[in-house]
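Below is run10.txt, which holds compact mmCIF, C-alpha atoms and all ligand atoms.
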```txt
# COMPACT_ATOMS: atom_id res chain seq x y z
CA MET A 1 32.94 -32.62 60.75
CA ASP A 2 29.96 -30.37 61.35
CA LYS A 3 30.29 -27.69 58.69
CA PHE A 4 27.63 -25.55 60.37
CA LYS A 5 29.64 -25.16 63.57
CA PRO A 6 30.49 -21.45 63.85
CA ILE A 7 34.18 -20.73 63.80
CA PRO A 8 35.26 -17.21 64.82
CA LEU A 9 36.54 -15.15 61.93
CA PRO A 10 40.14 -14.02 62.41
CA ASN A 11 40.54 -10.34 63.11
CA PRO A 12 40.81 -8.91 59.60
CA LYS A 13 43.01 -6.06 60.85
CA GLN A 14 45.64 -8.60 61.89
CA THR A 15 45.54 -10.86 58.85
CA PHE A 16 44.38 -8.60 56.07
CA VAL A 17 46.90 -7.56 53.44
CA LYS A 18 45.61 -5.57 50.52
CA TRP A 19 46.61 -7.20 47.27
CA ASN A 20 48.10 -5.02 44.60
CA PRO A 21 49.46 -7.21 41.80
CA LYS A 22 50.13 -4.24 39.57
CA LYS A 23 52.72 -2.90 41.94
CA SER A 24 55.93 -3.49 40.02
CA VAL A 25 59.38 -4.09 41.36
CA GLU A 26 62.21 -2.20 39.69
CA ILE A 27 64.55 -4.66 38.02
CA ASP A 28 68.19 -3.88 37.51
CA PRO A 29 69.21 -6.14 34.58
CA THR A 30 72.88 -5.94 35.56
CA VAL A 31 72.27 -7.55 38.93
CA ASN A 32 71.10 -11.13 39.48
CA ASN A 33 68.75 -10.39 42.37
CA THR A 34 65.67 -12.32 41.30
CA GLU A 35 65.33 -14.17 44.61
CA SER A 36 65.47 -11.06 46.78
CA GLN A 37 62.94 -9.36 44.52
CA GLN A 38 60.67 -12.37 44.87
CA VAL A 39 60.87 -12.25 48.67
CA ALA A 40 60.08 -8.54 48.67
CA THR A 41 57.14 -9.13 46.35
CA ASN A 42 55.70 -11.96 48.46
CA ASN A 43 55.87 -9.91 51.64
CA GLU A 44 53.99 -7.02 50.11
CA LEU A 45 51.50 -8.81 47.91
CA THR A 46 49.55 -11.56 49.58
CA PRO A 47 46.40 -12.38 47.60
CA ILE A 48 43.25 -12.37 49.73
CA SER A 49 42.46 -15.85 48.37
CA GLU A 50 45.69 -17.13 49.91
CA ILE A 51 44.83 -15.57 53.26
CA ILE A 52 41.40 -17.24 53.20
CA ARG A 53 42.84 -20.60 52.14
CA ASN A 54 45.26 -20.42 55.06
CA ARG A 55 42.35 -19.80 57.47
CA LEU A 56 40.58 -22.85 56.04
CA ARG A 57 43.66 -25.05 56.24
CA ASP A 58 44.40 -23.93 59.80
CA ALA A 59 40.85 -24.92 60.80
CA GLY A 60 41.00 -28.19 58.83
CA HIS A 61 37.93 -27.08 56.86
CA ARG A 62 37.36 -28.55 53.39
CA TYR A 63 36.84 -26.09 50.56
CA TRP A 64 35.56 -28.11 47.64
CA ALA A 65 33.32 -26.38 45.09
CA SER A 66 30.16 -27.51 46.89
CA ASP A 67 31.33 -26.52 50.39
CA ASN A 68 30.07 -23.47 52.25
CA ILE A 69 33.04 -21.45 53.55
CA SER A 70 31.15 -18.36 54.69
CA GLU A 71 32.49 -18.56 58.26
CA PHE A 72 35.96 -17.74 56.97
CA ILE A 73 35.08 -14.79 54.70
CA SER A 74 33.89 -11.31 55.65
CA ASP A 75 31.98 -9.00 53.31
CA GLU A 76 35.15 -6.92 52.96
CA ASP A 77 37.02 -10.07 51.90
CA LYS A 78 34.41 -10.67 49.21
CA GLU A 79 35.01 -7.23 47.71
CA LEU A 80 38.76 -7.94 47.67
CA LEU A 81 38.11 -11.36 46.11
CA VAL A 82 36.21 -9.62 43.30
CA ASP A 83 39.24 -7.37 42.74
CA GLU A 84 41.60 -10.33 42.68
CA LEU A 85 39.31 -12.40 40.45
CA THR A 86 39.02 -9.49 38.00
CA GLU A 87 42.78 -9.63 37.49
CA ARG A 88 42.64 -13.41 37.05
CA PHE A 89 39.84 -13.23 34.47
CA GLU A 90 41.77 -10.53 32.60
CA ASP A 91 44.59 -13.06 32.31
CA VAL A 92 42.12 -15.69 31.04
CA LEU A 93 40.79 -13.28 28.38
CA ASP A 94 44.36 -12.42 27.38
CA SER A 95 45.16 -16.13 27.02
CA LEU A 96 42.05 -16.57 24.88
CA ILE A 97 43.49 -13.82 22.63
CA ILE A 98 40.48 -11.56 23.19
CA ASP A 99 41.24 -7.85 22.94
CA ARG A 100 39.64 -6.68 26.18
CA HIS A 101 41.11 -3.19 25.68
CA THR A 102 39.47 -2.12 22.42
CA ASP A 103 36.64 -4.66 21.90
CA PRO A 104 33.72 -2.75 23.49
CA ASN A 105 31.89 -6.00 24.26
CA SER A 106 34.87 -7.37 26.16
CA GLN A 107 35.72 -4.27 28.14
CA GLY A 108 34.63 -4.88 31.71
CA THR A 109 33.92 -8.58 31.08
CA ALA A 110 36.57 -9.69 33.57
CA ARG A 111 34.94 -7.70 36.38
CA ARG A 112 31.45 -8.85 35.37
CA LEU A 113 32.63 -12.47 35.59
CA ALA A 114 34.29 -11.88 38.97
CA LYS A 115 31.17 -10.29 40.47
CA MET A 116 28.93 -12.97 38.96
CA TYR A 117 30.91 -15.81 40.55
CA ILE A 118 31.11 -14.29 44.04
CA TRP A 119 27.70 -12.60 44.33
CA GLU A 120 25.51 -14.81 42.11
CA ILE A 121 26.32 -18.22 40.70
CA MET A 122 28.52 -19.35 43.61
CA LYS A 123 27.10 -17.22 46.40
CA GLY A 124 25.91 -20.29 48.29
CA ARG A 125 29.59 -20.94 49.11
CA TYR A 126 30.22 -17.48 50.54
CA GLU A 127 26.95 -16.68 52.35
CA LEU A 128 25.73 -17.95 55.71
CA ALA A 129 22.68 -20.22 55.67
CA PRO A 130 19.33 -18.40 55.42
CA VAL A 131 17.82 -17.73 58.82
CA CYS A 132 14.88 -20.12 59.27
CA THR A 133 12.64 -19.22 62.16
CA SER A 134 10.83 -22.33 63.32
CA PHE A 135 7.33 -22.52 64.76
CA PRO A 136 6.12 -25.11 67.27
CA ASN A 137 4.01 -27.93 65.88
CA ASP A 138 3.22 -29.77 69.09
CA SER A 139 -0.31 -28.74 70.06
CA GLU A 140 -3.23 -31.16 70.02
CA ASN A 141 -4.21 -30.04 66.51
CA ARG A 142 -0.65 -30.30 65.20
CA TYR A 143 -0.11 -31.04 61.52
CA ASP A 144 1.38 -34.51 61.10
CA GLY A 145 0.79 -35.04 57.38
CA MET A 146 3.09 -34.76 54.41
CA LEU A 147 4.27 -31.44 53.03
CA VAL A 148 5.66 -31.19 49.49
CA VAL A 149 7.29 -27.97 48.32
CA ARG A 150 8.30 -27.30 44.74
CA SER A 151 11.54 -25.31 44.65
CA GLU A 152 13.04 -23.90 41.48
CA ILE A 153 16.81 -24.14 41.58
CA ARG A 154 19.73 -22.88 39.54
CA SER A 155 23.13 -24.42 39.99
CA MET A 156 26.42 -24.96 38.19
CA CYS A 157 28.23 -28.23 37.51
CA SER A 158 31.62 -28.50 39.17
CA HIS A 159 33.12 -30.27 36.16
CA HIS A 160 32.48 -27.68 33.43
CA HIS A 161 31.07 -24.62 35.25
CA GLN A 162 27.99 -24.81 33.05
CA PRO A 163 24.47 -24.01 34.31
CA VAL A 164 22.21 -26.62 35.87
CA SER A 165 18.55 -25.65 35.84
CA GLY A 166 15.62 -27.47 37.36
CA VAL A 167 13.18 -28.13 40.14
CA ALA A 168 13.57 -29.78 43.53
CA TYR A 169 10.51 -31.37 45.12
CA ILE A 170 11.03 -31.44 48.87
CA GLY A 171 8.81 -33.80 50.84
CA ILE A 172 8.64 -33.92 54.63
CA LEU A 173 6.54 -35.52 57.35
CA ALA A 174 6.09 -32.70 59.84
CA ALA A 175 7.93 -33.07 63.15
CA ASN A 176 7.60 -30.90 66.29
CA LYS A 177 8.53 -27.68 64.49
CA LEU A 178 7.68 -26.10 61.16
CA ILE A 179 9.53 -23.54 59.05
CA GLY A 180 8.02 -20.98 56.67
CA LEU A 181 7.18 -22.40 53.25
CA SER A 182 9.55 -20.04 51.42
CA LYS A 183 12.43 -21.26 53.60
CA TYR A 184 12.44 -24.67 51.90
CA THR A 185 13.22 -22.98 48.60
CA ARG A 186 15.71 -20.55 50.17
CA LEU A 187 17.61 -23.47 51.71
CA ALA A 188 17.51 -25.43 48.43
CA GLN A 189 18.83 -22.41 46.50
CA TRP A 190 21.53 -21.83 49.12
CA CYS A 191 22.76 -25.41 48.52
CA ALA A 192 22.42 -25.09 44.75
CA ARG A 193 24.29 -21.83 44.23
CA ARG A 194 27.68 -23.52 44.29
CA GLY A 195 29.67 -25.85 42.08
CA THR A 196 27.74 -29.10 42.45
CA LEU A 197 26.89 -32.53 41.13
CA GLN A 198 23.15 -33.10 41.03
CA GLU A 199 23.53 -36.35 42.99
CA GLU A 200 25.34 -34.57 45.83
CA LEU A 201 23.03 -31.56 45.69
CA CYS A 202 20.04 -33.84 46.33
CA THR A 203 21.72 -35.18 49.48
CA ASP A 204 22.81 -31.70 50.63
CA ILE A 205 19.26 -30.31 50.34
CA ALA A 206 17.83 -33.28 52.28
CA ASN A 207 20.41 -32.77 55.04
CA VAL A 208 19.79 -29.04 55.52
CA ILE A 209 16.01 -29.57 55.51
CA MET A 210 16.36 -32.28 58.17
CA LYS A 211 18.55 -29.96 60.24
CA ALA A 212 16.20 -26.97 59.91
CA THR A 213 12.99 -28.90 60.64
CA GLY A 214 14.16 -31.61 63.03
CA SER A 215 12.36 -34.18 60.89
CA GLU A 216 14.10 -37.43 59.99
CA ASN A 217 11.47 -38.17 57.37
CA VAL A 218 12.52 -36.20 54.32
CA GLY A 219 12.55 -36.96 50.61
CA VAL A 220 14.06 -34.85 47.83
CA TYR A 221 13.52 -35.37 44.11
CA ILE A 222 15.33 -33.18 41.59
CA GLN A 223 14.86 -33.02 37.85
CA ALA A 224 17.23 -30.76 36.00
CA THR A 225 18.85 -30.03 32.69
CA HIS A 226 22.61 -29.65 32.43
CA TRP A 227 24.19 -27.27 29.98
CA CYS A 228 27.37 -29.32 29.97
CA CYS A 229 25.27 -31.94 28.13
CA GLU A 230 23.28 -29.46 26.03
CA ASN A 231 25.79 -26.76 25.14
CA ARG A 232 28.90 -28.88 24.58
CA GLY A 233 29.94 -32.54 24.50
CA ILE A 234 27.01 -34.73 23.57
CA MET A 235 24.83 -31.68 22.70
CA ALA A 236 21.68 -33.47 23.94
CA HIS A 237 19.00 -30.80 23.89
CA SER A 238 16.23 -32.80 25.53
CA SER A 239 18.24 -34.55 28.23
CA LEU A 240 16.80 -34.59 31.73
CA THR A 241 18.48 -35.89 34.87
CA GLN A 242 16.46 -37.17 37.82
CA THR A 243 17.79 -37.88 41.30
CA THR A 244 16.01 -38.99 44.46
CA VAL A 245 17.09 -39.11 48.09
CA LEU A 246 14.72 -40.80 50.56
CA ASN A 247 15.31 -40.71 54.31
CA GLY A 248 13.38 -42.24 57.22
CA SER A 249 9.88 -43.44 56.39
CA PHE A 250 10.21 -42.11 52.84
CA ARG A 251 12.63 -44.99 52.36
CA SER A 252 11.16 -47.61 54.70
CA ASP A 253 7.39 -47.16 54.18
CA PRO A 254 6.15 -47.87 50.62
CA ALA A 255 2.91 -45.94 51.33
CA VAL A 256 4.85 -42.78 52.25
CA LYS A 257 7.06 -43.16 49.18
CA LYS A 258 3.97 -43.57 46.97
CA GLU A 259 2.28 -40.52 48.50
CA PHE A 260 5.45 -38.51 47.78
CA THR A 261 5.65 -39.60 44.14
CA ASP A 262 1.88 -39.07 43.69
CA ASN A 263 2.26 -35.54 45.08
CA ILE A 264 5.15 -34.84 42.70
CA LYS A 265 2.91 -35.84 39.77
CA LEU A 266 0.16 -33.54 41.07
CA GLN A 267 2.70 -30.71 41.37
CA GLN A 268 3.84 -31.33 37.80
CA ASP A 269 0.22 -31.24 36.59
CA PHE A 270 -0.16 -27.87 38.35
CA ALA A 271 3.12 -26.39 37.10
CA PRO A 272 4.88 -28.29 34.31
CA ARG A 273 8.60 -27.87 34.57
ZN ZN B 301 29.39 -30.77 33.68
```
Exercise: express the given structure as structure tokens:
Amino acid sequence: MDKFKPIPLPNPKQTFVKWNPKKSVEIDPTVNNTESQQVATNNELTPISEIIRNRLRDAGHRYWASDNISEFISDEDKELLVDELTERFEDVLDSLIIDRHTDPNSQGTARRLAKMYIWEIMKGRYELAPVCTSFPNDSENRYDGMLVVRSEIRSMCSHHHQPVSGVAYIGILAANKLIGLSKYTRLAQWCARRGTLQEELCTDIANVIMKATGSENVGVYIQATHWCCENRGIMAHSSLTQTTVLNGSFRSDPAVKKEFTDNIKLQQDFAPR
């Protein structure tokens, strides 16, 4: 499935139901009417997340932590998701036995968490791909050498929702079009700002760079630290994870591969991680 294929967003006026979980239903304890109350509640109170999940299921679109689902969510939906998530995080804080009502440091934490997930640490799931204007590279003095861009990335592991922090080195042999240098990093960050595994993130970045540039010759090397290894579990403070994806001549031509790794070392001399 091509996950970049645009799918029209359903008319929000037809499908949108504002969620109000605080709206209570009067209960008459003398009458056993639980089922009818439940039906009434479900009709009135459809969470926006359920509406979006239904759109995704209807379209057969996967919605794993690393998937971009922006084509199914409007900006208005995102605001409603923040409202819904705030309620959910309040429940989490309550279950952690944290007094979010009188502890001044915990007041507002649920909403801060909700906004952080939607607008920051997972925004690569909910935002469309960065627009990458391409420029022709087909004149007689075209550039046909290697380009290596160092891109700082921040991500989050799908397993523990802990930060992943590192650098992606993106190597490319220029094809018939070029994109702006900053776009390599914008695309890498768009892929990274989701729930990911570093191995899959490396492949995702290579794929979007190939799509944006039209080049089949792309290599991506990521080195990153994982807080799920540093802040919990094995508590390994100096751990470093390296992953490499090589496509086209980066894989088949040892000289291209060597030039890529030599350039990474030069980049690291210039700007140690
Ligand atoms: Zn983890």
Sorted by chain and rising residue number, which residues of segment 210-244 of chain A lie within 12 Å of segment 142-148 of chain A, and what are their closest atom pairs and distances in Å to one decimal, counting all atoms listed in the file, as CSV?
```
residue,atom,partner,partner_atom,distance
A:Thr213,CA,A:Leu147,CA,11.8
A:Ser215,CA,A:Asp144,CA,11.0
A:Asn217,CA,A:Met146,CA,9.5
A:Val218,CA,A:Met146,CA,9.5
A:Gly219,CA,A:Val148,CA,9.1
A:Val220,CA,A:Val148,CA,9.3
A:Tyr221,CA,A:Val148,CA,10.4
```
Exercise answer, 6 Å around ligand ZN 301 (chain B) with only C-alpha atoms and all ligand atoms, as a PyMOL selection string = chain A and resi 157+159-160+228
Contacts between segment 54-78 of chain A and segment 119-197 of chain A, please, where a residue of segment 119-197 of chain A counts if it comes within 7 Å (with only C-alpha atoms); show its shortest atom pair and distance in Å to one decimal, rows by chain and ascending number, as JSON lines.
```
{"residue": "A:Gly124", "atom": "CA", "partner": "A:Asn68", "partner_atom": "CA", "distance": 6.6}
{"residue": "A:Arg125", "atom": "CA", "partner": "A:Asn68", "partner_atom": "CA", "distance": 4.1}
{"residue": "A:Tyr126", "atom": "CA", "partner": "A:Ser70", "partner_atom": "CA", "distance": 4.3}
{"residue": "A:Glu127", "atom": "CA", "partner": "A:Ser70", "partner_atom": "CA", "distance": 5.1}
{"residue": "A:Leu128", "atom": "CA", "partner": "A:Ser70", "partner_atom": "CA", "distance": 5.5}
{"residue": "A:Ser158", "atom": "CA", "partner": "A:Ala65", "partner_atom": "CA", "distance": 6.5}
{"residue": "A:Arg194", "atom": "CA", "partner": "A:Ser66", "partner_atom": "CA", "distance": 5.4}
{"residue": "A:Gly195", "atom": "CA", "partner": "A:Ala65", "partner_atom": "CA", "distance": 4.8}
{"residue": "A:Thr196", "atom": "CA", "partner": "A:Ser66", "partner_atom": "CA", "distance": 5.3}
```
Could you check which of A:Ile209, A:Lys177, A:Glu199, A:Asp103 is closest to Pro130 of chain A, using all atoms listed in the file?
->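 Among the listed residues, the smallest separation from Pro130 of chain A belongs to A:Ile209.
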May I have the residues within 12 Å of Ala206 of chain A as a JSON list (two decimals) with C-alpha atoms, in the frame of the given file, using all atoms listed in the file and disregarding those fewer than 3 positions away in the same chain?
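Once written, around.json looks like this:
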```json
[["chain", "number", "residue", "atom", "x", "y", "z"],
["A", 168, "ALA", "CA", 13.57, -29.78, 43.53],
["A", 169, "TYR", "CA", 10.51, -31.37, 45.12],
["A", 170, "ILE", "CA", 11.03, -31.44, 48.87],
["A", 171, "GLY", "CA", 8.81, -33.80, 50.84],
["A", 172, "ILE", "CA", 8.64, -33.92, 54.63],
["A", 184, "TYR", "CA", 12.44, -24.67, 51.90],
["A", 185, "THR", "CA", 13.22, -22.98, 48.60],
["A", 187, "LEU", "CA", 17.61, -23.47, 51.71],
["A", 188, "ALA", "CA", 17.51, -25.43, 48.43],
["A", 191, "CYS", "CA", 22.76, -25.41, 48.52],
["A", 199, "GLU", "CA", 23.53, -36.35, 42.99],
["A", 200, "GLU", "CA", 25.34, -34.57, 45.83],
["A", 201, "LEU", "CA", 23.03, -31.56, 45.69],
["A", 202, "CYS", "CA", 20.04, -33.84, 46.33],
["A", 203, "THR", "CA", 21.72, -35.18, 49.48],
["A", 209, "ILE", "CA", 16.01, -29.57, 55.51],
["A", 210, "MET", "CA", 16.36, -32.28, 58.17],
["A", 211, "LYS", "CA", 18.55, -29.96, 60.24],
["A", 212, "ALA", "CA", 16.20, -26.97, 59.91],
["A", 213, "THR", "CA", 12.99, -28.90, 60.64],
["A", 214, "GLY", "CA", 14.16, -31.61, 63.03],
["A", 215, "SER", "CA", 12.36, -34.18, 60.89],
["A", 216, "GLU", "CA", 14.10, -37.43, 59.99],
["A", 217, "ASN", "CA", 11.47, -38.17, 57.37],
["A", 218, "VAL", "CA", 12.52, -36.20, 54.32],
["A", 219, "GLY", "CA", 12.55, -36.96, 50.61],
["A", 220, "VAL", "CA", 14.06, -34.85, 47.83],
["A", 221, "TYR", "CA", 13.52, -35.37, 44.11],
["A", 222, "ILE", "CA", 15.33, -33.18, 41.59],
["A", 243, "THR", "CA", 17.79, -37.88, 41.30],
["A", 244, "THR", "CA", 16.01, -38.99, 44.46],
["A", 245, "VAL", "CA", 17.09, -39.11, 48.09],
["A", 246, "LEU", "CA", 14.72, -40.80, 50.56],
["A", 247, "ASN", "CA", 15.31, -40.71, 54.31],
["A", 248, "GLY", "CA", 13.38, -42.24, 57.22],
["A", 250, "PHE", "CA", 10.21, -42.11, 52.84]]
```
Measuring atom to atom with all atoms listed in the file, identify which of A:Ala192, A:Leu240, A:Ile48, A:Ile264 is nearest to Met156 of chain A.
-> A:Ala192
Test item: which residues lie within 8 Å of (28.1, -25.5, 30.2) counting only C-alpha atoms, as a PyMOL selection string | chain A and resi 157+160-163+226-232
Atom CA of Gly233 of chain A to atom CA of Leu113 of chain A, straight-line distance in Å =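 Rounded to one decimal, the two atoms are 23.1 Å apart.
One distance worth recording is that between atom CA of Glu84 of chain A and atom CA of Arg154 of chain A, which is 25.4 Å.
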Measure the distance from atom CA of Glu120 of chain A to atom CA of Leu178 of chain A in Å and round it to one decimal.
->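 Value for the atom CA of Glu120 of chain A-atom CA of Leu178 of chain A distance: 28.4 Å.
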